[in-house]
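Asker: If you scroll down you'll find the structure; I have some questions about it.
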Amino acid sequence: MSLLAAAPTEIYESGDSALRVVAISEASEHNWLTVHGLADWLENCGAEGLCGAVPTYDSVLVEFDPILVSARQVRAFVTLGLLELGHAGESARAPREFDVPVVYGGEYGPDLERVAEHQGISVGEVIRLHTAKTYTVRCLGAPAGSPMMDGPAFPKPVPRLKDPRLSVPAGAVAVAGRQAVIAPAVAPGGWCVIGQTPMSVLNIRREPLVPYKPGDILRFRQIRTEDFGQYAGLELEPLDVASEDVDFVESGARP
């Protein structure tokens, strides 16, 4: 992750054991690069008392042990980290790519027609727009490490459901506002579900629980309803791993 300089930031205390660092430039991409670069730096700087750094779209929560380090000292670490970002060069970890097969509509995507009607476009165009781009994982959200991503190029933001569902299945592919997401686990949800991937995203026996990290890239690919079962139980893996371990079905579906 390379920056000429970090975005301007503001720092707020969050209780007695965390600071919230907010990037405040007018460029959302610059803000995102800044908070994720800062989180990476803090995770690897080796400073005593730092417990973790959790980045989102434009802020990072820096957690620390107040017995070992003071908020003032953590502010100094943050300031140093922001200064170092412009000199860090390229990130040591290149983004990994994930291929996500999806069955759209029907029982797998109960809100597909609703989204098409709201957008004033056809169901086919909703699918085309959703599969037309690559998605950068911006941060991990609830539940269970959901990959939060900028959404497809729909004409308008997608409204959330007026009455959220009590249960959304694992693998649900959903949109809301200008965002897109996959649900790794069964949970309530108010986003519009337009499809479902048969791939297993969450593995409670794995550390980390999900295979992607912020900065990784996902691409959605439509598969036929009858092919859903052929992918069921397979774990979502980066393309370089998946291509070695998985024989993909012949349905126009390939990693």
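In the structure tokens, chains take the letters A, B, ... in the order shown, each chain's residues start at 1, and ligands count up from 1 in the order shown.
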Would you list the contacts of His130 (chain A) as a list in words, taking every protein, DNA or RNA residue within 8 Å and counting only C-alpha atoms, but skipping same-chain residues closer than 4 positions in sequence?

Answerer: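 Listing them by chain and then by number gives Val126, Gly151, Pro152, Ala153 and Phe220 of chain A.
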
Asker: Find the spatial neighbours of Arg221 (chain A), counting only C-alpha atoms, within a cut-off of 12 Å - ignore same-chain residues fewer than 3 positions away - and output them as a ChimeraX atom specification.

Answerer: /A:98-104,127-134,173,195-198,218,224,251-255

Asker: Run DSSP on the backbone and grab whatever in region 3-51 of chain A lands in strand (DSSP E); send it over as a list in words.

Answerer: Thr9, Glu10, Ile11, Tyr12, Glu13, Ala18, Leu19, Arg20, Val21, Val22, Ala23, Leu50 and Cys51 of chain A

Asker: Take the residues just selected and output them with C-alpha atoms as a PDB file, in the first residue's frame.

Answerer:
ATOM      1  CA  THR A   9      -6.819  12.846  10.442  1.00  0.00           C
ATOM      2  CA  GLU A  10      -8.589  13.587  13.682  1.00  0.00           C
ATOM      3  CA  ILE A  11      -8.085  11.479  16.823  1.00  0.00           C
ATOM      4  CA  TYR A  12     -10.749  10.861  19.460  1.00  0.00           C
ATOM      5  CA  GLU A  13     -10.655   8.941  22.712  1.00  0.00           C
ATOM      6  CA  ALA A  18      -8.982   2.865  22.621  1.00  0.00           C
ATOM      7  CA  LEU A  19      -8.495   5.751  20.222  1.00  0.00           C
ATOM      8  CA  ARG A  20     -10.486   6.339  17.057  1.00  0.00           C
ATOM      9  CA  VAL A  21      -8.493   7.808  14.194  1.00  0.00           C
ATOM     10  CA  VAL A  22     -10.640   9.335  11.428  1.00  0.00           C
ATOM     11  CA  ALA A  23      -9.290  10.313   7.993  1.00  0.00           C
ATOM     12  CA  LEU A  50      -1.100  -2.053  21.594  1.00  0.00           C
ATOM     13  CA  CYS A  51      -3.817  -4.720  21.401  1.00  0.00           C
TER      14      CYS A  51
END

Asker: Grab the CA of Glu235 (chain A) to CA of Leu202 (chain A) distance for me, in Å with one decimal place.

Answerer: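 Computing the Euclidean distance for CA of Glu235 (chain A) and CA of Leu202 (chain A) yields 8.1 Å.
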
Asker: Out of region 20-116 of chain A, which residues get alpha helix (DSSP H) from DSSP, as an MDAnalysis selection string?

Answerer: chainID A and resid 28:44 71:85 112:116

Asker: Limited to N, CA and C atoms, could you put the picked residues into a file as an mmCIF file, in the first residue's frame?

Answerer:
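Below is the file part27.cif, written as the result:
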data_model
loop_
_atom_site.group_PDB
_atom_site.id
_atom_site.type_symbol
_atom_site.label_atom_id
_atom_site.label_comp_id
_atom_site.auth_asym_id
_atom_site.auth_seq_id
_atom_site.Cartn_x
_atom_site.Cartn_y
_atom_site.Cartn_z
ATOM 1 N N SER A 28 -12.316 9.772 -0.764
ATOM 2 C CA SER A 28 -12.635 8.577 0.012
ATOM 3 C C SER A 28 -11.580 7.480 -0.145
ATOM 4 N N GLU A 29 -11.010 7.341 -1.349
ATOM 5 C CA GLU A 29 -9.993 6.309 -1.556
ATOM 6 C C GLU A 29 -8.734 6.613 -0.759
ATOM 7 N N HIS A 30 -8.366 7.892 -0.702
ATOM 8 C CA HIS A 30 -7.200 8.303 0.081
ATOM 9 C C HIS A 30 -7.440 8.022 1.563
ATOM 10 N N ASN A 31 -8.646 8.311 2.040
ATOM 11 C CA ASN A 31 -8.987 8.031 3.436
ATOM 12 C C ASN A 31 -8.872 6.541 3.739
ATOM 13 N N TRP A 32 -9.396 5.721 2.813
ATOM 14 C CA TRP A 32 -9.368 4.274 3.019
ATOM 15 C C TRP A 32 -7.929 3.762 3.053
ATOM 16 N N LEU A 33 -7.110 4.200 2.118
ATOM 17 C CA LEU A 33 -5.708 3.787 2.096
ATOM 18 C C LEU A 33 -4.992 4.213 3.373
ATOM 19 N N THR A 34 -5.316 5.404 3.858
ATOM 20 C CA THR A 34 -4.656 5.915 5.062
ATOM 21 C C THR A 34 -4.981 5.068 6.283
ATOM 22 N N VAL A 35 -6.269 4.802 6.535
ATOM 23 C CA VAL A 35 -6.612 4.078 7.764
ATOM 24 C C VAL A 35 -6.164 2.622 7.705
ATOM 25 N N HIS A 36 -6.190 2.019 6.528
ATOM 26 C CA HIS A 36 -5.738 0.632 6.430
ATOM 27 C C HIS A 36 -4.218 0.548 6.479
ATOM 28 N N GLY A 37 -3.548 1.521 5.888
ATOM 29 C CA GLY A 37 -2.091 1.555 6.007
ATOM 30 C C GLY A 37 -1.657 1.779 7.445
ATOM 31 N N LEU A 38 -2.356 2.662 8.152
ATOM 32 C CA LEU A 38 -2.045 2.908 9.557
ATOM 33 C C LEU A 38 -2.289 1.659 10.391
ATOM 34 N N ALA A 39 -3.400 0.970 10.144
ATOM 35 C CA ALA A 39 -3.696 -0.258 10.890
ATOM 36 C C ALA A 39 -2.599 -1.293 10.675
ATOM 37 N N ASP A 40 -2.159 -1.470 9.425
ATOM 38 C CA ASP A 40 -1.082 -2.426 9.146
ATOM 39 C C ASP A 40 0.186 -2.048 9.898
ATOM 40 N N TRP A 41 0.510 -0.754 9.875
ATOM 41 C CA TRP A 41 1.741 -0.285 10.536
ATOM 42 C C TRP A 41 1.668 -0.528 12.034
ATOM 43 N N LEU A 42 0.540 -0.203 12.645
ATOM 44 C CA LEU A 42 0.388 -0.382 14.085
ATOM 45 C C LEU A 42 0.447 -1.858 14.481
ATOM 46 N N GLU A 43 -0.132 -2.723 13.636
ATOM 47 C CA GLU A 43 -0.124 -4.160 13.932
ATOM 48 C C GLU A 43 1.281 -4.732 13.898
ATOM 49 N N ASN A 44 2.171 -4.079 13.171
ATOM 50 C CA ASN A 44 3.512 -4.640 12.971
ATOM 51 C C ASN A 44 4.636 -3.815 13.599
ATOM 52 N N ALA A 71 -2.893 6.748 26.784
ATOM 53 C CA ALA A 71 -3.507 7.267 25.559
ATOM 54 C C ALA A 71 -2.579 8.261 24.872
ATOM 55 N N ARG A 72 -1.860 9.041 25.659
ATOM 56 C CA ARG A 72 -0.914 10.009 25.090
ATOM 57 C C ARG A 72 0.196 9.307 24.310
ATOM 58 N N GLN A 73 0.688 8.210 24.851
ATOM 59 C CA GLN A 73 1.731 7.457 24.140
ATOM 60 C C GLN A 73 1.179 6.832 22.858
ATOM 61 N N VAL A 74 -0.047 6.330 22.923
ATOM 62 C CA VAL A 74 -0.654 5.737 21.726
ATOM 63 C C VAL A 74 -0.856 6.800 20.651
ATOM 64 N N ARG A 75 -1.241 8.015 21.049
ATOM 65 C CA ARG A 75 -1.341 9.114 20.090
ATOM 66 C C ARG A 75 0.001 9.337 19.394
ATOM 67 N N ALA A 76 1.073 9.233 20.147
ATOM 68 C CA ALA A 76 2.406 9.406 19.562
ATOM 69 C C ALA A 76 2.710 8.287 18.562
ATOM 70 N N PHE A 77 2.320 7.032 18.906
ATOM 71 C CA PHE A 77 2.503 5.926 17.955
ATOM 72 C C PHE A 77 1.724 6.197 16.671
ATOM 73 N N VAL A 78 0.480 6.659 16.831
ATOM 74 C CA VAL A 78 -0.369 6.937 15.670
ATOM 75 C C VAL A 78 0.258 8.020 14.799
ATOM 76 N N THR A 79 0.727 9.080 15.428
ATOM 77 C CA THR A 79 1.352 10.174 14.675
ATOM 78 C C THR A 79 2.571 9.682 13.909
ATOM 79 N N LEU A 80 3.388 8.866 14.568
ATOM 80 C CA LEU A 80 4.567 8.309 13.897
ATOM 81 C C LEU A 80 4.149 7.423 12.735
ATOM 82 N N GLY A 81 3.132 6.591 12.964
ATOM 83 C CA GLY A 81 2.670 5.715 11.892
ATOM 84 C C GLY A 81 2.180 6.484 10.686
ATOM 85 N N LEU A 82 1.452 7.563 10.908
ATOM 86 C CA LEU A 82 0.964 8.379 9.798
ATOM 87 C C LEU A 82 2.122 9.007 9.026
ATOM 88 N N LEU A 83 3.162 9.426 9.733
ATOM 89 C CA LEU A 83 4.335 9.988 9.066
ATOM 90 C C LEU A 83 5.072 8.930 8.252
ATOM 91 N N GLU A 84 5.078 7.704 8.751
ATOM 92 C CA GLU A 84 5.799 6.630 8.080
ATOM 93 C C GLU A 84 5.096 6.143 6.819
ATOM 94 N N LEU A 85 3.781 6.364 6.709
ATOM 95 C CA LEU A 85 3.040 5.809 5.573
ATOM 96 C C LEU A 85 3.595 6.263 4.239
ATOM 97 N N LEU A 112 -34.304 -10.046 -5.974
ATOM 98 C CA LEU A 112 -33.751 -9.643 -7.267
ATOM 99 C C LEU A 112 -34.748 -8.807 -8.067
ATOM 100 N N GLU A 113 -35.973 -9.267 -8.160
ATOM 101 C CA GLU A 113 -36.975 -8.519 -8.933
ATOM 102 C C GLU A 113 -37.301 -7.193 -8.264
ATOM 103 N N ARG A 114 -37.309 -7.155 -6.946
ATOM 104 C CA ARG A 114 -37.560 -5.917 -6.218
ATOM 105 C C ARG A 114 -36.498 -4.862 -6.556
ATOM 106 N N VAL A 115 -35.239 -5.309 -6.576
ATOM 107 C CA VAL A 115 -34.148 -4.387 -6.900
ATOM 108 C C VAL A 115 -34.277 -3.897 -8.338
ATOM 109 N N ALA A 116 -34.584 -4.807 -9.272
ATOM 110 C CA ALA A 116 -34.734 -4.419 -10.675
ATOM 111 C C ALA A 116 -35.842 -3.384 -10.834
#

Asker: Any idea what the distance is between CA of Asn203 (chain A) and CA of Pro143 (chain A)?

Answerer: 13.2 Å

Asker: Write out as an mmCIF file with N, CA, C and O atoms, in the first residue's frame the residues lying within 12 Å of Asp111 (chain A), counting only C-alpha atoms and excluding same-chain residues fewer than 2 positions away.

Answerer:
data_model
loop_
_atom_site.group_PDB
_atom_site.id
_atom_site.type_symbol
_atom_site.label_atom_id
_atom_site.label_comp_id
_atom_site.auth_asym_id
_atom_site.auth_seq_id
_atom_site.Cartn_x
_atom_site.Cartn_y
_atom_site.Cartn_z
ATOM 1 N N TYR A 104 -28.487 -16.449 -9.075
ATOM 2 C CA TYR A 104 -29.275 -15.237 -8.876
ATOM 3 C C TYR A 104 -30.773 -15.548 -8.956
ATOM 4 O O TYR A 104 -31.207 -16.373 -9.756
ATOM 5 N N GLY A 105 -31.550 -14.847 -8.130
ATOM 6 C CA GLY A 105 -33.004 -14.906 -8.222
ATOM 7 C C GLY A 105 -33.612 -16.171 -7.645
ATOM 8 O O GLY A 105 -32.932 -17.044 -7.097
ATOM 9 N N GLY A 106 -34.942 -16.269 -7.764
ATOM 10 C CA GLY A 106 -35.667 -17.425 -7.248
ATOM 11 C C GLY A 106 -35.513 -17.548 -5.748
ATOM 12 O O GLY A 106 -35.418 -16.540 -5.028
ATOM 13 N N GLU A 107 -35.445 -18.763 -5.255
ATOM 14 C CA GLU A 107 -35.307 -18.974 -3.817
ATOM 15 C C GLU A 107 -33.951 -18.499 -3.305
ATOM 16 O O GLU A 107 -33.781 -18.218 -2.111
ATOM 17 N N TYR A 108 -32.974 -18.402 -4.206
ATOM 18 C CA TYR A 108 -31.641 -17.967 -3.799
ATOM 19 C C TYR A 108 -31.498 -16.445 -3.769
ATOM 20 O O TYR A 108 -30.608 -15.937 -3.084
ATOM 21 N N GLY A 109 -32.340 -15.744 -4.517
ATOM 22 C CA GLY A 109 -32.275 -14.288 -4.553
ATOM 23 C C GLY A 109 -33.660 -13.686 -4.532
ATOM 24 O O GLY A 109 -34.129 -13.143 -5.542
ATOM 25 N N GLU A 113 -35.973 -9.267 -8.160
ATOM 26 C CA GLU A 113 -36.975 -8.519 -8.933
ATOM 27 C C GLU A 113 -37.301 -7.193 -8.264
ATOM 28 O O GLU A 113 -37.541 -6.189 -8.950
ATOM 29 N N ARG A 114 -37.309 -7.155 -6.946
ATOM 30 C CA ARG A 114 -37.560 -5.917 -6.218
ATOM 31 C C ARG A 114 -36.498 -4.862 -6.556
ATOM 32 O O ARG A 114 -36.812 -3.689 -6.774
ATOM 33 N N VAL A 115 -35.239 -5.309 -6.576
ATOM 34 C CA VAL A 115 -34.148 -4.387 -6.900
ATOM 35 C C VAL A 115 -34.277 -3.897 -8.338
ATOM 36 O O VAL A 115 -34.111 -2.701 -8.622
ATOM 37 N N ALA A 116 -34.584 -4.807 -9.272
ATOM 38 C CA ALA A 116 -34.734 -4.419 -10.675
ATOM 39 C C ALA A 116 -35.842 -3.384 -10.834
ATOM 40 O O ALA A 116 -35.679 -2.380 -11.546
ATOM 41 N N GLU A 117 -36.968 -3.621 -10.178
ATOM 42 C CA GLU A 117 -38.091 -2.690 -10.278
ATOM 43 C C GLU A 117 -37.721 -1.328 -9.703
ATOM 44 O O GLU A 117 -38.033 -0.286 -10.299
ATOM 45 N N HIS A 118 -37.045 -1.311 -8.569
ATOM 46 C CA HIS A 118 -36.660 -0.041 -7.958
ATOM 47 C C HIS A 118 -35.676 0.725 -8.839
ATOM 48 O O HIS A 118 -35.741 1.952 -8.940
ATOM 49 N N VAL A 123 -34.147 -7.518 -14.744
ATOM 50 C CA VAL A 123 -33.437 -8.462 -13.881
ATOM 51 C C VAL A 123 -32.085 -8.818 -14.491
ATOM 52 O O VAL A 123 -31.067 -8.879 -13.792
ATOM 53 N N VAL A 126 -29.608 -6.105 -13.815
ATOM 54 C CA VAL A 126 -29.114 -6.136 -12.435
ATOM 55 C C VAL A 126 -27.978 -7.151 -12.314
ATOM 56 O O VAL A 126 -26.922 -6.860 -11.741
ATOM 57 N N VAL A 158 -29.732 1.385 -3.354
ATOM 58 C CA VAL A 158 -30.744 0.357 -3.104
ATOM 59 C C VAL A 158 -31.264 0.503 -1.667
ATOM 60 O O VAL A 158 -30.476 0.408 -0.724
ATOM 61 N N PRO A 159 -32.563 0.712 -1.475
ATOM 62 C CA PRO A 159 -33.080 0.840 -0.103
ATOM 63 C C PRO A 159 -33.064 -0.491 0.623
ATOM 64 O O PRO A 159 -33.215 -1.551 0.011
ATOM 65 N N ARG A 160 -32.895 -0.434 1.923
ATOM 66 C CA ARG A 160 -32.976 -1.650 2.732
ATOM 67 C C ARG A 160 -34.433 -2.094 2.841
ATOM 68 O O ARG A 160 -35.359 -1.332 2.563
ATOM 69 N N LEU A 161 -34.610 -3.328 3.245
ATOM 70 C CA LEU A 161 -35.955 -3.862 3.398
ATOM 71 C C LEU A 161 -36.695 -3.131 4.515
ATOM 72 O O LEU A 161 -36.123 -2.831 5.563
ATOM 73 N N PRO A 164 -36.898 -6.169 8.000
ATOM 74 C CA PRO A 164 -35.741 -7.072 7.892
ATOM 75 C C PRO A 164 -36.119 -8.521 8.159
ATOM 76 O O PRO A 164 -37.042 -8.811 8.922
ATOM 77 N N ARG A 165 -35.403 -9.426 7.513
ATOM 78 C CA ARG A 165 -35.629 -10.848 7.715
ATOM 79 C C ARG A 165 -34.996 -11.299 9.033
ATOM 80 O O ARG A 165 -33.933 -10.820 9.420
ATOM 81 N N VAL A 168 -31.204 -14.821 7.350
ATOM 82 C CA VAL A 168 -30.659 -14.791 5.992
ATOM 83 C C VAL A 168 -29.623 -15.905 5.912
ATOM 84 O O VAL A 168 -28.778 -16.037 6.805
ATOM 85 N N ALA A 172 -25.536 -15.685 1.335
ATOM 86 C CA ALA A 172 -26.425 -14.724 0.691
ATOM 87 C C ALA A 172 -25.610 -13.571 0.114
ATOM 88 O O ALA A 172 -24.728 -13.018 0.780
ATOM 89 N N VAL A 173 -25.910 -13.223 -1.120
ATOM 90 C CA VAL A 173 -25.243 -12.115 -1.808
ATOM 91 C C VAL A 173 -26.238 -10.960 -1.842
ATOM 92 O O VAL A 173 -27.318 -11.089 -2.408
ATOM 93 N N ALA A 174 -25.887 -9.863 -1.196
ATOM 94 C CA ALA A 174 -26.869 -8.811 -0.954
ATOM 95 C C ALA A 174 -26.308 -7.437 -1.294
ATOM 96 O O ALA A 174 -25.090 -7.232 -1.357
ATOM 97 N N VAL A 175 -27.233 -6.497 -1.493
ATOM 98 C CA VAL A 175 -26.878 -5.109 -1.788
ATOM 99 C C VAL A 175 -27.770 -4.192 -0.952
ATOM 100 O O VAL A 175 -28.910 -4.532 -0.615
ATOM 101 N N ALA A 176 -27.236 -3.010 -0.633
ATOM 102 C CA ALA A 176 -28.002 -1.972 0.057
ATOM 103 C C ALA A 176 -27.240 -0.663 -0.088
ATOM 104 O O ALA A 176 -25.998 -0.654 -0.035
ATOM 105 N N GLY A 190 -31.346 -6.906 6.778
ATOM 106 C CA GLY A 190 -32.276 -6.036 6.081
ATOM 107 C C GLY A 190 -31.817 -5.632 4.703
ATOM 108 O O GLY A 190 -32.452 -4.801 4.046
ATOM 109 N N TRP A 191 -30.698 -6.216 4.231
ATOM 110 C CA TRP A 191 -30.223 -5.925 2.883
ATOM 111 C C TRP A 191 -31.023 -6.739 1.871
ATOM 112 O O TRP A 191 -31.601 -7.784 2.202
ATOM 113 N N CYS A 192 -31.049 -6.272 0.636
ATOM 114 C CA CYS A 192 -31.759 -6.979 -0.433
ATOM 115 C C CYS A 192 -30.906 -8.133 -0.946
ATOM 116 O O CYS A 192 -29.801 -7.922 -1.463
ATOM 117 N N VAL A 193 -31.407 -9.342 -0.813
ATOM 118 C CA VAL A 193 -30.686 -10.541 -1.237
ATOM 119 C C VAL A 193 -31.015 -10.822 -2.697
ATOM 120 O O VAL A 193 -32.158 -11.102 -3.044
ATOM 121 N N ILE A 194 -30.010 -10.734 -3.564
ATOM 122 C CA ILE A 194 -30.239 -10.945 -4.996
ATOM 123 C C ILE A 194 -29.714 -12.293 -5.479
ATOM 124 O O ILE A 194 -29.969 -12.690 -6.616
ATOM 125 N N GLY A 195 -28.979 -13.001 -4.631
ATOM 126 C CA GLY A 195 -28.441 -14.296 -5.031
ATOM 127 C C GLY A 195 -27.793 -14.986 -3.845
ATOM 128 O O GLY A 195 -27.833 -14.498 -2.713
ATOM 129 N N GLN A 196 -27.206 -16.124 -4.123
ATOM 130 C CA GLN A 196 -26.518 -16.881 -3.073
ATOM 131 C C GLN A 196 -25.373 -17.663 -3.692
ATOM 132 O O GLN A 196 -25.506 -18.235 -4.776
#

Asker: Could you tell me how far CA of Phe154 (chain A) lies from CA of Gly124 (chain A), in Å and to one decimal?

Answerer: 12.5 Å

Asker: So which one's closest to Leu239 (chain A), A:Gly46, A:Pro211, A:Gly120, A:Gly52? Using only C-alpha atoms, please.

Answerer: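 Among A:Gly46, A:Pro211, A:Gly120, A:Gly52, it is A:Pro211 that comes nearest to Leu239 (chain A).
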
Asker: Could you list, as a PyMOL selection string, every residue within 7 Å of Val201 (chain A), counting only C-alpha atoms and ignoring same-chain residues fewer than 2 positions away?

Answerer: chain A and resi 171+184+199+203+210+235-236
